[in-house]
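Heads up, the thing below is written out as structure tokens.
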Amino acid sequence: MQKIMVCIKRVVDYNVRIRVKPDGSGVSLDGVKMSVNPFDEIALEEALRIKERGGNVEVVAVSIGVADTQQQLRTALAMGADRAILVQCDAAVEPLTAAQTFLALAKKETPDLILLGKQAIDDDANQTGQMLAAIWDRPQATYASKVEISDGRAQVTREVDAGLETIEVDLPAVVTVDLRLNEPRYVKLPDIMKAKKKPLDVTSLDALGISAALQLSIVKTEPPAQRQKGVMVKDVAELVDVLKKKGLL
Amino acid sequence: MHQVLIVGEHDGAVLNPATAKCVTCASGIAGAEISIALLGADTSRVAAQAAALSGVKSVLRVDRPENAHPLAAVFAPQLAALASGYSHIFGPSTSFGKDLMPRVAALLGVAQVSDLMAVEDAYQFRRPIYAGNAIITVKADPSRKLLATVRVASFQAAAGGGSGTVEQKTLAVTLPSHTRYIGARSGSTDRPDLQTAARVISGGRALGSADNFKLLFSLADKIGAAVGASRAAVDAGYAPNEMQVGQTGKIISPEIYIAIGISGAIQHLTGIKDARTIVAINKDGEAPIFEVADIGLVGDLFQIVPEFERLVGT
């Protein structure tokens with residue numbers, strides 16, 4: 001294992017309660033705190049742990065997004081990534097375009113492992129890792145809750161609906177991570193200072209020969225339908241009575 | 001005329017109900033002709049179940065030993081080969097479908113619409129973003145194949161009584177050997193499956209211990225319910241992860257959902273808002289769960305649950 005590429009996305013911080021714009025044109029992002037997608041933070045933490053277990057492993061954090069995505073890549077460098085690459089793109093990016101972009105970077109960087117979150121908490125698409133593995137023609141192990149590397153292979157425990165499943169993949173491979181894989185470290189102030197000196201290259205889709213053309217268009221954005229507030233019952237007897245009358249017991 | 005291919009989910013013996021829900025979703029497209037693809041080592045039993053779903057015209061079986069376990073890297077090239085002749089390819093938004101469908105989409109070079117929750121027309125759909133805190137209407141390009149995962153909680157299962165044809169397909173596709181199945185561990189119980197149960201009882205951090213979950217199991221067995229848990233209860237070690245209900249766990253739509261000792265964090269509510277009736281039992285009358293509950297009861301769960309179980313039987 002010599003190189004791990006970690007793909008991260010700049011998203012609205014998970015603590016922010018998002019607001020749909022009244023004209024239905026999207027979600028309001030004015031003055032909203034932006035962060036590294038939490039699942040991608042777990043992916044980076046896993047890369048750093050593999051690096052810390054020994055060997056001469058380089059961790060490269062990459063992203064596609066607006067110029068300000070440099071902030072999130074600096075956070076990644078402060079956590080411990082060795083260097084970063086931003087593919088700057090001001091337009092909206094669909095998962096397939098992100099996958100094509102990461103493939104172009106993977107061809108240049110030739111990582112042994114690509115780690116990323118199972119989904120981004122903004123569009124909840126849950127596609128980029130799988131698409132990247134497909135067009136890279138390499139294995140995928142999604143929803144990882146445990147990753148063990150040995151002899152050019154990774155044994156990955158996956159969180160699936162029925163419980164846990166274990167698969168083995170030959171490296172290089174794409175692994176998308178789930179919540180329970182690890183708890184990401186906190187960034188300390190000296191690390192933030194050090195991160196400022198680490199290399200962060202900025203490139204463009206044009207330079208990689210990739211088109212950002214969208215296949216899907218968003219017609220409108222609406223708040224979800226609210227449930228009606230219900231009734232309160234005074235005791236268990238009344239609860240059972242109401243449920244029986246509704247034919248639910 | 002739209003030709004819809006649904007990727008069936010199964011374990012070799014039983015067709016996962018998520019498949020029947022995808023059929024209902026596909027039936028929402030006017031003039032849809034629906035087929036189901038089944039990949040497995042031996043799909044004879046599940047093929048009969050798929051063919052019996054109302055609205056299904058044909059079932060395509062792809063039986064080969066490499067298909068014994070649903071590995072996305074093995075299934076995807078076969079589905080990409082099957083896709084010619086279809087305008088729409090749907091899969092369930094379960095861990096099976098979420099893993100597999102984007103790999104198929106990328107092989108075909110098309111975008112995917114994830115978690116489709118409503119069909120407006122053949123190329124316009126609604127889906128949730130930001131953990132369900134916003135709903136977008138998405139328009140796809142009719143000149144391309146449409147790949148989608150179907151949010152199973154948004155659709156009822158298609159009825160039986162259909163009589164689709166069944167045919168065995170032989171595909172000349174070379175399969176990769178770089179991905180190998182090792183094994184699975186499930187917390188299987190005799191209780192109904194959480195994802196598809198009509199009745200679900202869930203416990204939160206207020207249960208206080210794994211041992212106290214026995215109270216819920218006992219009540220659940222009395223009324224034939226599945227048992228779930230909040231993320232707080234799972235993180236505290238009271239329940240295994242496969243019991244987790246919510247944005248990062250299972251998104252469910254039972255007839256009745258009984259939340260016991262669950263405060264109602266947004267991420268939990270995201271997983272239950274399609275339930276027909278929500279009952280909340282919590283000692284804190286100000287808990288957010290009461291904002292979405294149809295029926296609420298404030299009180300001590302350790303008194304309420306045993307009494308509930310006693311009264312249900314009378």
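Naming works like this for the structure tokens: A, B, ... for the chains as they're shown, residue 1 at the start of each chain, ligands 1 onward in shown order.
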Neighbours of chain A in chain B at 6 Å, counting only C-alpha atoms, as a ChimeraX atom specification: /B:95,102-103,106,114,129-130,134-140,178-186,242,291-297
Residues near Glu255 in chain B, anyone? I mean within 8 Å using only C-alpha atoms, not counting same-chain ones fewer than 6 positions away, as a count of residues only. 6
Choose the residue, out of B:Pro192, B:Val62, B:Ala131, B:Glu286, that has the smallest atom-to-atom separation from Thr248 in chain B; count only C-alpha atoms.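 Of B:Pro192, B:Val62, B:Ala131, B:Glu286, the one nearest Thr248 in chain B, counting only C-alpha atoms, is B:Ala131.
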Between CA of Ala207 in chain A and CA of Gln70 in chain A, what is the distance in Å, rounded to a tenth?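 Pair CA of Ala207 in chain A / CA of Gln70 in chain A returns 18.1 Å.
When the distance limit is 10 Å and only C-alpha atoms are what count, the residues near range 196-206 of chain A, minus those fewer than 6 positions from it on the same chain, are A:Val60, A:Ala61, A:Val62, A:Ser63, A:Ile64, A:Gly65, A:Ala67, A:Gln70, A:Leu73, A:Arg74, A:Thr75, A:Leu77, A:Ala78, A:Gly80, A:Ala81, A:Asp82, A:Arg83, A:Ala84, A:Ile85, A:Leu86, A:Val87, A:Gln88, A:Cys89, A:Thr97, A:Gln100, A:Thr101, A:Ala104, A:Ala212.
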